[in-house]
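K.L.:
Pasting target24.cif here (mmCIF, C-alpha atoms):
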data_target
#
loop_
_atom_site.label_atom_id
_atom_site.label_comp_id
_atom_site.auth_asym_id
_atom_site.auth_seq_id
_atom_site.Cartn_x
_atom_site.Cartn_y
_atom_site.Cartn_z
CA MET A 32 21.35 -16.92 12.25
CA SER A 33 17.60 -17.07 11.81
CA ALA A 34 16.01 -20.33 10.70
CA GLN A 35 15.03 -20.58 7.08
CA PRO A 36 11.51 -19.18 6.71
CA GLU A 37 8.70 -21.33 5.50
CA PHE A 38 8.56 -21.41 1.72
CA LYS A 39 6.01 -18.95 0.40
CA THR A 40 3.60 -20.79 -1.87
CA ASP A 41 1.43 -17.76 -2.65
CA ILE A 42 4.05 -15.44 -4.12
CA PRO A 43 1.66 -12.60 -5.14
CA ALA A 44 0.17 -12.46 -1.63
CA TYR A 45 3.61 -12.60 -0.03
CA MET A 46 4.95 -9.77 -2.21
CA GLU A 47 1.81 -7.73 -1.59
CA GLY A 48 2.52 -7.96 2.12
CA VAL A 49 6.12 -6.92 1.60
CA GLY A 50 5.00 -3.93 -0.45
CA VAL A 51 2.39 -2.77 2.08
CA ALA A 52 4.93 -2.99 4.90
CA ALA A 53 7.60 -1.18 2.88
CA ARG A 54 5.29 1.69 1.98
CA ALA A 55 4.28 2.18 5.62
CA ALA A 56 7.90 2.00 6.78
CA SER A 57 9.03 4.49 4.11
CA ARG A 58 6.84 7.19 5.63
CA VAL A 59 8.38 6.65 9.05
CA VAL A 60 11.93 6.65 7.70
CA ALA A 61 11.34 9.77 5.60
CA ALA A 62 10.20 11.65 8.69
CA SER A 63 13.00 10.36 10.93
CA PRO A 64 15.84 12.66 12.03
CA THR A 65 19.30 12.18 10.58
CA ALA A 66 20.68 11.15 13.95
CA GLN A 67 18.24 8.25 14.22
CA ARG A 68 19.11 6.91 10.78
CA ASP A 69 22.83 7.27 11.51
CA ALA A 70 22.37 5.43 14.80
CA ALA A 71 20.71 2.57 12.93
CA LEU A 72 23.58 2.39 10.45
CA LEU A 73 26.16 2.24 13.25
CA ALA A 74 24.14 -0.40 15.10
CA MET A 75 23.95 -2.48 11.90
CA ALA A 76 27.73 -2.24 11.53
CA ASP A 77 28.34 -3.31 15.12
CA THR A 78 25.95 -6.24 14.76
CA ILE A 79 27.64 -7.43 11.56
CA VAL A 80 31.01 -7.47 13.30
CA ALA A 81 29.59 -9.17 16.40
CA ARG A 82 27.94 -11.87 14.27
CA ALA A 83 30.88 -12.48 11.94
CA GLU A 84 31.05 -16.19 12.73
CA SER A 85 27.32 -16.61 12.13
CA LEU A 86 27.67 -14.81 8.80
CA LYS A 87 30.53 -17.08 7.75
CA SER A 88 28.52 -20.16 8.72
CA ALA A 89 25.59 -19.02 6.59
CA ASN A 90 27.96 -18.16 3.75
CA ALA A 91 29.52 -21.64 3.95
CA LEU A 92 26.11 -23.13 3.09
CA ASP A 93 25.95 -20.94 -0.03
CA LEU A 94 29.51 -21.79 -1.04
CA ALA A 95 28.86 -25.51 -0.65
CA ALA A 96 25.71 -25.27 -2.73
CA GLY A 97 27.55 -23.19 -5.31
CA ARG A 98 30.29 -25.78 -5.69
CA ALA A 99 27.69 -28.54 -5.97
CA ASN A 100 25.90 -26.56 -8.68
CA GLY A 101 29.09 -25.99 -10.65
CA LEU A 102 29.67 -22.26 -10.06
CA ASP A 103 33.04 -21.25 -11.47
CA ASP A 104 35.87 -19.92 -9.33
CA ALA A 105 35.19 -16.28 -10.18
CA LEU A 106 31.55 -16.50 -9.04
CA LEU A 107 32.53 -18.40 -5.91
CA ASP A 108 35.04 -15.67 -5.10
CA ARG A 109 32.36 -12.99 -5.47
CA LEU A 110 30.06 -15.04 -3.25
CA GLU A 111 32.51 -15.63 -0.41
CA LEU A 112 32.32 -13.60 2.81
CA THR A 113 35.83 -13.43 4.20
CA GLU A 114 36.75 -11.76 7.47
CA ALA A 115 37.96 -8.75 5.50
CA ARG A 116 34.74 -8.51 3.48
CA ILE A 117 32.61 -8.70 6.61
CA GLU A 118 34.64 -5.90 8.16
CA GLY A 119 34.33 -4.06 4.85
CA MET A 120 30.53 -4.26 5.02
CA ALA A 121 30.60 -2.81 8.52
CA GLU A 122 33.04 -0.08 7.54
CA GLY A 123 30.89 0.80 4.54
CA LEU A 124 27.89 1.35 6.81
CA ARG A 125 29.99 3.49 9.16
CA GLN A 126 31.16 5.61 6.25
CA ILE A 127 27.61 6.10 4.98
CA ALA A 128 26.68 7.33 8.48
CA THR A 129 29.29 10.10 8.16
CA LEU A 130 27.98 11.39 4.84
CA PRO A 131 25.89 14.57 4.70
CA ASP A 132 22.16 13.89 4.76
CA PRO A 133 20.55 15.13 1.54
CA VAL A 134 17.00 14.88 2.91
CA GLY A 135 15.42 18.24 3.69
CA GLN A 136 18.01 20.36 1.91
CA ILE A 137 16.41 23.52 0.51
CA SER A 138 17.79 25.27 -2.56
CA ASP A 139 16.99 28.05 -5.05
CA MET A 140 14.76 30.03 -2.67
CA ALA A 141 13.78 33.27 -4.39
CA TYR A 142 11.12 35.96 -4.01
CA ARG A 143 8.59 36.23 -6.81
CA PRO A 144 6.92 39.51 -7.82
CA SER A 145 3.82 38.44 -5.88
CA GLY A 146 5.84 38.38 -2.66
CA ILE A 147 5.88 34.61 -2.20
CA GLN A 148 9.16 32.70 -1.89
CA VAL A 149 9.62 29.67 -4.16
CA GLY A 150 12.31 27.05 -3.76
CA ARG A 151 12.93 23.33 -3.85
CA MET A 152 13.39 20.73 -1.12
CA ARG A 153 15.19 17.40 -1.50
CA VAL A 154 13.05 14.44 -0.40
CA PRO A 155 13.34 10.62 -0.50
CA LEU A 156 12.06 8.66 -3.49
CA GLY A 157 10.05 6.39 -1.14
CA VAL A 158 10.47 2.63 -1.67
CA ILE A 159 13.39 1.32 -3.72
CA GLY A 160 13.47 -2.22 -5.07
CA ILE A 161 16.96 -3.59 -5.71
CA ILE A 162 17.55 -6.81 -7.67
CA TYR A 163 21.12 -8.10 -7.62
CA GLU A 164 23.29 -11.15 -8.10
CA SER A 165 26.09 -13.01 -6.32
CA ARG A 166 27.79 -10.59 -3.96
CA PRO A 167 26.08 -10.66 -0.56
CA ASN A 168 27.85 -7.48 0.58
CA VAL A 169 25.49 -5.60 -1.74
CA THR A 170 22.76 -6.35 0.82
CA ALA A 171 24.46 -4.18 3.44
CA ASP A 172 25.59 -1.50 0.98
CA ALA A 173 22.14 -1.09 -0.56
CA ALA A 174 20.38 -1.08 2.80
CA GLY A 175 22.74 1.58 4.11
CA LEU A 176 22.41 3.92 1.14
CA CYS A 177 18.64 3.61 0.99
CA LEU A 178 18.22 4.19 4.73
CA LYS A 179 20.59 7.19 4.82
CA SER A 180 18.65 8.83 1.98
CA GLY A 181 15.37 8.38 3.87
CA ASN A 182 13.99 5.49 1.82
CA ALA A 183 12.68 2.02 2.57
CA CYS A 184 13.97 -0.78 0.37
CA ILE A 185 13.04 -4.25 -0.85
CA LEU A 186 16.12 -6.34 -1.64
CA ARG A 187 16.06 -9.40 -3.86
CA GLY A 188 19.47 -11.07 -4.01
CA GLY A 189 20.46 -14.06 -6.09
CA SER A 190 19.41 -17.54 -5.02
CA GLU A 191 23.09 -18.52 -4.80
CA ALA A 192 23.50 -16.15 -1.80
CA ILE A 193 20.20 -16.78 -0.03
CA HIS A 194 21.62 -17.97 3.32
CA SER A 195 24.18 -15.17 3.43
CA ASN A 196 21.60 -12.52 2.57
CA ARG A 197 19.21 -13.77 5.24
CA ALA A 198 21.96 -13.65 7.86
CA ILE A 199 22.92 -10.11 6.84
CA ALA A 200 19.25 -9.13 6.89
CA ASP A 201 19.04 -10.33 10.50
CA CYS A 202 21.87 -7.93 11.37
CA ILE A 203 20.15 -5.08 9.55
CA ARG A 204 16.85 -5.70 11.34
CA ALA A 205 18.65 -5.73 14.67
CA GLY A 206 20.22 -2.36 13.91
CA LEU A 207 16.90 -0.84 12.84
CA ALA A 208 15.19 -2.11 15.99
CA GLU A 209 17.97 -0.78 18.22
CA ALA A 210 17.51 2.70 16.69
CA GLY A 211 13.71 2.54 16.96
CA LEU A 212 13.03 2.37 13.24
CA PRO A 213 10.63 -0.15 11.64
CA GLU A 214 12.27 -3.41 10.62
CA ALA A 215 10.26 -3.30 7.38
CA ALA A 216 12.40 -0.34 6.28
CA VAL A 217 14.78 -2.98 4.87
CA GLN A 218 13.24 -6.26 3.67
CA VAL A 219 15.15 -9.08 2.02
CA ILE A 220 12.90 -11.31 -0.09
CA GLU A 221 12.86 -14.67 1.67
CA THR A 222 12.04 -16.91 -1.28
CA THR A 223 14.26 -17.91 -4.18
CA ASP A 224 11.23 -18.34 -6.44
CA ARG A 225 11.85 -16.23 -9.54
CA ALA A 226 8.18 -15.31 -9.59
CA ALA A 227 8.98 -12.89 -6.77
CA VAL A 228 11.01 -10.79 -9.19
CA GLY A 229 8.12 -10.64 -11.63
CA GLU A 230 5.79 -9.51 -8.85
CA LEU A 231 8.26 -6.86 -7.63
CA LEU A 232 8.45 -5.38 -11.12
CA LYS A 233 4.66 -4.92 -11.15
CA MET A 234 4.30 -3.27 -7.72
CA GLU A 235 3.55 0.26 -8.93
CA ASP A 236 1.47 1.04 -5.85
CA TYR A 237 4.28 0.23 -3.45
CA VAL A 238 7.63 0.65 -5.23
CA ASP A 239 8.89 3.96 -6.63
CA VAL A 240 12.01 2.83 -8.46
CA ILE A 241 13.83 -0.41 -9.32
CA VAL A 242 17.63 -0.69 -9.39
CA PRO A 243 19.02 -3.86 -11.05
CA ARG A 244 22.64 -4.79 -10.33
CA GLY A 245 24.06 -7.74 -12.21
CA GLY A 246 24.65 -9.16 -15.66
CA LYS A 247 23.23 -7.84 -18.90
CA GLY A 248 20.56 -10.56 -19.00
CA LEU A 249 19.14 -9.53 -15.63
CA ILE A 250 19.12 -5.84 -16.51
CA GLU A 251 17.49 -6.46 -19.88
CA ARG A 252 14.74 -8.50 -18.24
CA VAL A 253 14.10 -5.84 -15.61
CA SER A 254 14.04 -3.07 -18.23
CA ARG A 255 11.66 -5.06 -20.43
CA GLU A 256 9.20 -6.18 -17.78
CA SER A 257 9.17 -3.46 -15.14
CA ARG A 258 6.13 -1.23 -14.72
CA VAL A 259 8.16 0.74 -12.18
CA PRO A 260 10.82 3.29 -13.28
CA VAL A 261 14.29 1.73 -13.52
CA ILE A 262 17.74 3.19 -12.78
CA LYS A 263 20.26 1.14 -14.74
CA HIS A 264 22.97 0.72 -17.32
CA LEU A 265 23.20 -2.20 -19.73
CA ASP A 266 26.80 -2.06 -20.99
CA GLY A 267 30.04 -0.35 -20.17
CA ILE A 268 31.49 0.09 -23.66
CA CYS A 269 33.95 2.79 -22.63
CA HIS A 270 36.40 4.57 -24.95
CA VAL A 271 39.65 6.48 -24.66
CA TYR A 272 40.53 8.74 -27.59
CA LEU A 273 44.20 9.66 -28.01
CA ASP A 274 44.06 12.99 -29.82
CA ALA A 275 46.78 14.31 -32.16
CA ALA A 276 47.58 16.89 -29.45
CA ALA A 277 47.93 14.31 -26.67
CA ASP A 278 50.92 14.34 -24.35
CA GLU A 279 52.64 11.03 -25.10
CA GLN A 280 53.28 9.95 -21.51
CA LYS A 281 49.75 10.85 -20.43
CA ALA A 282 48.39 8.91 -23.39
CA LEU A 283 50.39 5.80 -22.50
CA ASP A 284 49.58 5.96 -18.79
CA ILE A 285 45.85 6.56 -19.26
CA ALA A 286 45.38 3.99 -22.04
CA LEU A 287 47.16 1.35 -19.93
CA ASN A 288 45.32 2.11 -16.68
CA ALA A 289 41.87 2.39 -18.28
CA LYS A 290 42.20 -1.14 -19.67
CA THR A 291 44.35 -3.08 -17.22
CA HIS A 292 43.62 -1.64 -13.75
CA ARG A 293 40.71 -4.09 -13.56
CA TYR A 294 39.11 -6.01 -16.41
CA GLY A 295 35.70 -7.15 -15.18
CA VAL A 296 34.27 -3.73 -14.33
CA CYS A 297 31.88 -1.50 -16.22
CA ASN A 298 34.22 1.52 -16.35
CA ALA A 299 37.14 -0.31 -17.98
CA MET A 300 38.08 0.83 -21.49
CA GLU A 301 36.94 -1.59 -24.20
CA THR A 302 37.85 0.40 -27.34
CA LEU A 303 40.91 2.60 -27.88
CA LEU A 304 40.67 5.29 -30.56
CA VAL A 305 43.95 6.76 -31.83
CA ASP A 306 44.31 9.79 -34.08
CA ALA A 307 45.99 8.92 -37.37
CA ASP A 308 48.62 11.64 -36.87
CA VAL A 309 50.05 9.92 -33.75
CA ALA A 310 49.13 6.27 -34.36
CA ALA A 311 52.51 5.23 -35.77
CA ALA A 312 54.32 6.72 -32.77
CA LEU A 313 51.97 5.51 -30.02
CA LEU A 314 50.67 2.11 -31.09
CA PRO A 315 53.95 0.14 -30.94
CA LYS A 316 54.66 1.52 -27.45
CA LEU A 317 51.15 0.69 -26.32
CA LYS A 318 51.38 -2.81 -27.72
CA ALA A 319 54.52 -3.45 -25.69
CA LEU A 320 52.69 -2.34 -22.53
CA TYR A 321 49.63 -4.45 -23.30
CA ASP A 322 51.76 -7.48 -24.15
CA GLU A 323 53.30 -7.31 -20.67
CA LYS A 324 49.78 -7.50 -19.20
CA GLY A 325 48.63 -10.29 -21.52
CA VAL A 326 45.98 -8.18 -23.27
CA GLU A 327 44.69 -9.51 -26.60
CA LEU A 328 44.52 -6.74 -29.20
CA ARG A 329 42.09 -6.56 -32.12
CA GLY A 330 42.52 -3.78 -34.65
CA CYS A 331 41.05 -2.12 -37.71
CA ASP A 332 42.96 -2.35 -41.01
CA ARG A 333 44.86 0.86 -40.32
CA THR A 334 45.85 -0.39 -36.87
CA ARG A 335 47.06 -3.70 -38.31
CA ALA A 336 49.14 -1.84 -40.87
CA ILE A 337 51.17 -0.62 -37.88
CA LEU A 338 50.75 -3.68 -35.64
CA ALA A 339 50.86 -6.49 -38.17
CA ASP A 340 50.64 -9.41 -35.74
CA ILE A 341 47.34 -8.57 -34.03
CA ALA A 342 43.91 -9.98 -34.85
CA ALA A 343 41.45 -8.16 -37.08
CA ALA A 344 38.59 -6.41 -35.33
CA SER A 345 35.11 -7.29 -36.57
CA ASP A 346 32.11 -4.96 -36.70
CA GLU A 347 30.86 -6.73 -33.59
CA ASP A 348 33.99 -5.79 -31.63
CA TRP A 349 33.08 -2.09 -31.68
CA ASN A 350 29.83 -2.94 -29.87
CA THR A 351 31.24 -5.41 -27.34
CA GLU A 352 31.85 -5.06 -23.62
CA TYR A 353 34.59 -7.64 -23.10
CA LEU A 354 35.02 -7.46 -19.30
CA ALA A 355 38.25 -9.33 -20.07
CA PRO A 356 41.86 -8.67 -21.18
CA ILE A 357 40.77 -7.94 -24.75
CA LEU A 358 40.95 -4.52 -26.42
CA SER A 359 39.75 -3.29 -29.81
CA ILE A 360 41.75 -0.46 -31.42
CA ARG A 361 40.73 1.87 -34.23
CA VAL A 362 42.75 4.57 -35.98
CA ILE A 363 40.59 7.67 -36.44
CA ASP A 364 40.84 10.79 -38.62
CA GLY A 365 40.37 13.55 -36.08
CA LEU A 366 38.07 14.61 -33.26
CA GLU A 367 34.77 14.56 -35.16
CA ALA A 368 35.34 10.97 -36.30
CA ALA A 369 36.17 9.94 -32.73
CA ILE A 370 33.02 11.55 -31.34
CA ASP A 371 30.92 9.96 -34.09
CA HIS A 372 32.38 6.50 -33.31
CA ILE A 373 31.70 6.91 -29.57
CA ASN A 374 28.14 8.14 -30.02
CA THR A 375 27.44 5.35 -32.54
CA HIS A 376 29.04 2.37 -30.78
CA GLY A 377 29.28 3.44 -27.13
CA SER A 378 26.87 2.69 -24.31
CA HIS A 379 26.68 6.24 -22.88
CA HIS A 380 28.69 5.14 -19.83
CA THR A 381 32.18 6.73 -19.68
CA ASP A 382 34.46 8.10 -22.39
CA ALA A 383 37.73 10.04 -22.24
CA ILE A 384 39.96 12.17 -24.45
CA VAL A 385 43.68 12.67 -23.96
CA THR A 386 44.71 16.03 -25.42
CA GLU A 387 46.55 19.25 -24.66
CA ASP A 388 44.26 21.20 -27.00
CA TYR A 389 41.72 23.14 -24.91
CA SER A 390 39.25 23.67 -27.75
CA ARG A 391 39.17 19.96 -28.65
CA ALA A 392 38.74 19.04 -24.99
CA ARG A 393 35.77 21.40 -24.70
CA ALA A 394 34.20 20.03 -27.89
CA PHE A 395 34.62 16.45 -26.63
CA LEU A 396 32.99 17.32 -23.30
CA ARG A 397 30.09 19.01 -25.07
CA ASP A 398 29.40 16.53 -27.88
CA VAL A 399 30.01 13.06 -26.40
CA ASP A 400 26.64 11.78 -25.18
CA SER A 401 27.71 9.81 -22.10
CA SER A 402 26.97 9.91 -18.40
CA SER A 403 30.66 10.63 -17.62
CA VAL A 404 32.99 12.42 -20.04
CA MET A 405 36.63 12.95 -19.08
CA VAL A 406 39.67 14.91 -20.19
CA ASN A 407 43.15 13.52 -19.48
CA ALA A 408 41.92 10.98 -16.94
CA SER A 409 41.32 7.22 -16.87
CA THR A 410 37.77 5.95 -17.30
CA ARG A 411 38.36 3.95 -14.09
CA PHE A 412 37.53 7.10 -12.13
CA ALA A 413 33.81 6.75 -13.02
CA ASP A 414 32.82 5.64 -9.55
CA GLY A 415 30.75 7.08 -6.72
CA PHE A 416 33.61 7.03 -4.23
CA GLU A 417 36.03 8.70 -6.64
CA TYR A 418 33.42 11.37 -7.43
CA GLY A 419 33.04 12.25 -3.77
CA LEU A 420 29.60 10.69 -3.41
CA GLY A 421 30.88 8.42 -0.63
CA ALA A 422 29.24 5.35 -2.12
CA GLU A 423 26.97 4.42 -4.99
CA ILE A 424 23.96 2.21 -5.58
CA GLY A 425 24.98 1.78 -9.23
CA ILE A 426 25.63 3.73 -12.42
CA SER A 427 22.88 5.08 -14.63
CA THR A 428 23.21 5.72 -18.35
CA ASP A 429 19.62 6.94 -18.55
CA LYS A 430 18.78 10.64 -18.70
CA LEU A 431 15.84 10.51 -16.28
CA HIS A 432 16.01 10.68 -13.20
CA ALA A 433 19.67 10.16 -12.38
CA ARG A 434 22.73 9.90 -14.64
CA GLY A 435 26.20 8.59 -13.86
CA PRO A 436 27.15 7.17 -10.44
CA VAL A 437 24.04 7.16 -8.25
CA GLY A 438 24.77 8.13 -4.65
CA LEU A 439 22.58 9.50 -1.90
CA GLU A 440 21.41 12.47 -3.93
CA GLY A 441 20.39 10.15 -6.77
CA LEU A 442 18.13 8.29 -4.32
CA THR A 443 16.20 11.47 -3.64
CA THR A 444 14.09 13.83 -5.71
CA LEU A 445 12.97 17.45 -5.48
CA LYS A 446 9.66 19.05 -4.66
CA TYR A 447 8.75 22.72 -4.90
CA ILE A 448 8.05 24.57 -1.69
CA VAL A 449 6.31 27.93 -1.40
CA LEU A 450 6.48 30.31 1.57
CA GLY A 451 3.89 33.02 1.97
CA ASP A 452 2.35 35.19 4.67
CA GLY A 453 -1.31 35.23 3.83
CA HIS A 454 -0.61 35.78 0.14
CA VAL A 455 -3.48 35.28 -2.30
CA ARG A 456 -3.24 35.36 -6.09
CA GLN A 457 -4.60 38.52 -7.67
#
Starting from the file, lay out its structure as structure tokens.

P.N.:
Amino acid sequence: MSAQPEFKTDIPAYMEGVGVAARAASRVVAASPTAQRDAALLAMADTIVARAESLKSANALDLAAGRANGLDDALLDRLELTEARIEGMAEGLRQIATLPDPVGQISDMAYRPSGIQVGRMRVPLGVIGIIYESRPNVTADAAGLCLKSGNACILRGGSEAIHSNRAIADCIRAGLAEAGLPEAAVQVIETTDRAAVGELLKMEDYVDVIVPRGGKGLIERVSRESRVPVIKHLDGICHVYLDAAADEQKALDIALNAKTHRYGVCNAMETLLVDADVAAALLPKLKALYDEKGVELRGCDRTRAILADIAAASDEDWNTEYLAPILSIRVIDGLEAAIDHINTHGSHHTDAIVTEDYSRARAFLRDVDSSSVMVNASTRFADGFEYGLGAEIGISTDKLHARGPVGLEGLTTLKYIVLGDGHVRQ
């Protein structure tokens, strides 16, 4: 493990140096062949495994500091690097190396009446700044995805994981050097001074996009202060609508899985909408399932007329991402009312309908304004791996430049290319 670097007292000058180095490295990485980037990823993975004990020693310093600072058990669990998580980081890098390289792909080539050919080529974004909290494995994941997609990256992890992130960064630099790529292609900010984040958000000349990963407070700050384009989502207020034409078993299975598969994730269902025509039949059965899992239910007046012993849902509940075993339930009069509720109270993340009616399914897909819209499937599938992207840097609820799970393709952009043979415009 490398020694702790000298504290940077001149944060603007330090960040300027990081930006200059990242921009220069991004040009080298963008021009590098796929095989060289894949070799770097595999070398990073091997180094992480070889230095497992060093990584655990660095992580122990963070865990000790976390306990001393009163971090709760959940945050300490996210912070810990176990043997399995270290192997998982390495395996993640190996898997990224096997993914198809999006860089250089050419599409939509067509002849124009003038005789020229016009098409589009996929190219890296350039330099990606990633600001994240707690989990040190994000350092390896983010580095791998950015490198595979031909980008350089600047990583700013949380202060609670500083020793772990530095140790992982040493492994990443070793892998880059072994493959002959510039070590500045992946830079981990070496100071815990929060001023570094403010500087990163202003580095328009050096950074092409910012990706925040963490709590709502972090993402709101980044969105508010950044002069650089941001790929992000604020909330995961996800809905499942049980239509009047829903298959009962599918409705029960999906509504249970979407809420209880995992609670503290952005694609977990937070509000269940039930058509009035099937509410009396479905709600008691659902309550029995949720009771077994210890889920607290909060309902509208019509829900409580069927489930008398649950708490009343407030107006605030419809706009809340619980990330906990709590579920709000509303009885709805038909598809249009369900879509209106979702588009009014949702966060444009992931929403699903359960129905056997093809026309209603098509209308739901068309009219719900979310980054993922599903028919007869759990919202828990809104994930880069499940979508076949291999991995993801995060989920975007924006409409520019990427939407939904952001994988390798989302870390690239398109430029027009023109092929001629001495053509001149008449």

K.L.:
Please write the residues picked by the PyMOL selection byres ((chain A and resi 217) around 10) on this file as a PDB file with C-alpha atoms, in the frame of the given file.

P.N.:
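Everything below was put into part.pdb:
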ATOM      1  CA  ALA A  52       4.930  -2.990   4.900  1.00  0.00           C
ATOM      2  CA  ALA A  53       7.600  -1.180   2.880  1.00  0.00           C
ATOM      3  CA  ALA A  56       7.900   2.000   6.780  1.00  0.00           C
ATOM      4  CA  SER A  57       9.030   4.490   4.110  1.00  0.00           C
ATOM      5  CA  VAL A 158      10.470   2.630  -1.670  1.00  0.00           C
ATOM      6  CA  ILE A 159      13.390   1.320  -3.720  1.00  0.00           C
ATOM      7  CA  THR A 170      22.760  -6.350   0.820  1.00  0.00           C
ATOM      8  CA  ALA A 171      24.460  -4.180   3.440  1.00  0.00           C
ATOM      9  CA  ALA A 173      22.140  -1.090  -0.560  1.00  0.00           C
ATOM     10  CA  ALA A 174      20.380  -1.080   2.800  1.00  0.00           C
ATOM     11  CA  GLY A 175      22.740   1.580   4.110  1.00  0.00           C
ATOM     12  CA  CYS A 177      18.640   3.610   0.990  1.00  0.00           C
ATOM     13  CA  LEU A 178      18.220   4.190   4.730  1.00  0.00           C
ATOM     14  CA  ASN A 182      13.990   5.490   1.820  1.00  0.00           C
ATOM     15  CA  ALA A 183      12.680   2.020   2.570  1.00  0.00           C
ATOM     16  CA  CYS A 184      13.970  -0.780   0.370  1.00  0.00           C
ATOM     17  CA  ILE A 185      13.040  -4.250  -0.850  1.00  0.00           C
ATOM     18  CA  LEU A 186      16.120  -6.340  -1.640  1.00  0.00           C
ATOM     19  CA  ALA A 200      19.250  -9.130   6.890  1.00  0.00           C
ATOM     20  CA  ILE A 203      20.150  -5.080   9.550  1.00  0.00           C
ATOM     21  CA  ARG A 204      16.850  -5.700  11.340  1.00  0.00           C
ATOM     22  CA  LEU A 207      16.900  -0.840  12.840  1.00  0.00           C
ATOM     23  CA  PRO A 213      10.630  -0.150  11.640  1.00  0.00           C
ATOM     24  CA  GLU A 214      12.270  -3.410  10.620  1.00  0.00           C
ATOM     25  CA  ALA A 215      10.260  -3.300   7.380  1.00  0.00           C
ATOM     26  CA  ALA A 216      12.400  -0.340   6.280  1.00  0.00           C
ATOM     27  CA  GLN A 218      13.240  -6.260   3.670  1.00  0.00           C
ATOM     28  CA  VAL A 219      15.150  -9.080   2.020  1.00  0.00           C
ATOM     29  CA  ILE A 220      12.900 -11.310  -0.090  1.00  0.00           C
TER      30      ILE A 220
END

K.L.:
Give me the residues near Asp139 (chain A) as a JSON list (two decimals) with C-alpha atoms, in the frame of the given file, where near means some atom within 9 Å (using only C-alpha atoms) and where sequence neighbours in that chain fewer than 5 positions away do not count.

P.N.:
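selection18.json, written as the output of this step:
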[["chain", "number", "residue", "atom", "x", "y", "z"],
["A", 149, "VAL", "CA", 9.62, 29.67, -4.16],
["A", 150, "GLY", "CA", 12.31, 27.05, -3.76],
["A", 151, "ARG", "CA", 12.93, 23.33, -3.85]]

K.L.:
Hey, can you check how far CA of Ile127 (chain A) sits from CA of Phe416 (chain A)?

P.N.:
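Atom-to-atom, CA of Ile127 (chain A) to CA of Phe416 (chain A), that is 11.0 Å.
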
K.L.:
I need the residue nearest Cys202 (chain A) from this list: A:Ile424, A:Ala115, A:Ile341, A:Met75. Use only C-alpha atoms for the distance.

P.N.:
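Between A:Ile424, A:Ala115, A:Ile341, A:Met75, the residue approaching Cys202 (chain A) most closely is A:Met75.
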
K.L.:
Show me a table, sorted first by chain and then by increasing residue number, of the residues of region 179-207 of chain A having an atom at most 9 Å from region 90-98 of chain A, each with its shortest atom pair and the distance in Å to one decimal, counting all atoms listed in the file and written as a tab-separated table.

P.N.:
residue	atom	partner	partner_atom	distance
A:Ser190	CA	A:Asp93	CA	8.9
A:Glu191	CA	A:Asp93	CA	6.1
A:Ala192	CA	A:Asp93	CA	5.7
A:Ile193	CA	A:Asp93	CA	7.1
A:His194	CA	A:Asp93	CA	6.2
A:Ser195	CA	A:Asn90	CA	4.8
A:Asn196	CA	A:Asn90	CA	8.6
A:Ala198	CA	A:Asn90	CA	8.6

K.L.:
Show me, as a PyMOL selection string, the residues that have an atom within 7 Å of region 284-296 of chain A when counting all atoms listed in the file, minus same-chain residues fewer than 2 positions from it.

P.N.:
chain A and resi 271+280-282+298-301+354-356+408-411

K.L.:
Working from the structure I just supplied, which lacks atoms in region 74-83 of chain A, can you model N, CA and C atoms there and output them as a PDB file, keeping the file's coordinate frame?

P.N.:
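Output (result22.pdb):
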ATOM      1  N   ALA A  74      24.556   0.828  14.405  1.00  0.00           N
ATOM      2  CA  ALA A  74      24.140  -0.400  15.100  1.00  0.00           C
ATOM      3  C   ALA A  74      24.199  -1.594  14.145  1.00  0.00           C
ATOM      4  N   MET A  75      23.824  -1.408  12.888  1.00  0.00           N
ATOM      5  CA  MET A  75      23.950  -2.480  11.900  1.00  0.00           C
ATOM      6  C   MET A  75      25.418  -2.910  11.771  1.00  0.00           C
ATOM      7  N   ALA A  76      26.310  -1.931  11.676  1.00  0.00           N
ATOM      8  CA  ALA A  76      27.730  -2.240  11.530  1.00  0.00           C
ATOM      9  C   ALA A  76      28.244  -3.032  12.724  1.00  0.00           C
ATOM     10  N   ASP A  77      27.882  -2.606  13.919  1.00  0.00           N
ATOM     11  CA  ASP A  77      28.340  -3.310  15.120  1.00  0.00           C
ATOM     12  C   ASP A  77      27.803  -4.738  15.163  1.00  0.00           C
ATOM     13  N   THR A  78      26.563  -4.899  14.743  1.00  0.00           N
ATOM     14  CA  THR A  78      25.950  -6.240  14.760  1.00  0.00           C
ATOM     15  C   THR A  78      26.626  -7.152  13.748  1.00  0.00           C
ATOM     16  N   ILE A  79      26.953  -6.618  12.578  1.00  0.00           N
ATOM     17  CA  ILE A  79      27.640  -7.430  11.560  1.00  0.00           C
ATOM     18  C   ILE A  79      28.977  -7.928  12.084  1.00  0.00           C
ATOM     19  N   VAL A  80      29.722  -7.056  12.745  1.00  0.00           N
ATOM     20  CA  VAL A  80      31.010  -7.470  13.300  1.00  0.00           C
ATOM     21  C   VAL A  80      30.818  -8.507  14.410  1.00  0.00           C
ATOM     22  N   ALA A  81      29.833  -8.262  15.273  1.00  0.00           N
ATOM     23  CA  ALA A  81      29.590  -9.170  16.400  1.00  0.00           C
ATOM     24  C   ALA A  81      29.138 -10.554  15.924  1.00  0.00           C
ATOM     25  N   ARG A  82      28.462 -10.598  14.780  1.00  0.00           N
ATOM     26  CA  ARG A  82      27.940 -11.870  14.270  1.00  0.00           C
ATOM     27  C   ARG A  82      28.761 -12.410  13.110  1.00  0.00           C
ATOM     28  N   ALA A  83      30.030 -12.066  13.072  1.00  0.00           N
ATOM     29  CA  ALA A  83      30.880 -12.480  11.940  1.00  0.00           C
ATOM     30  C   ALA A  83      30.894 -13.986  11.753  1.00  0.00           C
TER      31      ALA A  83
END
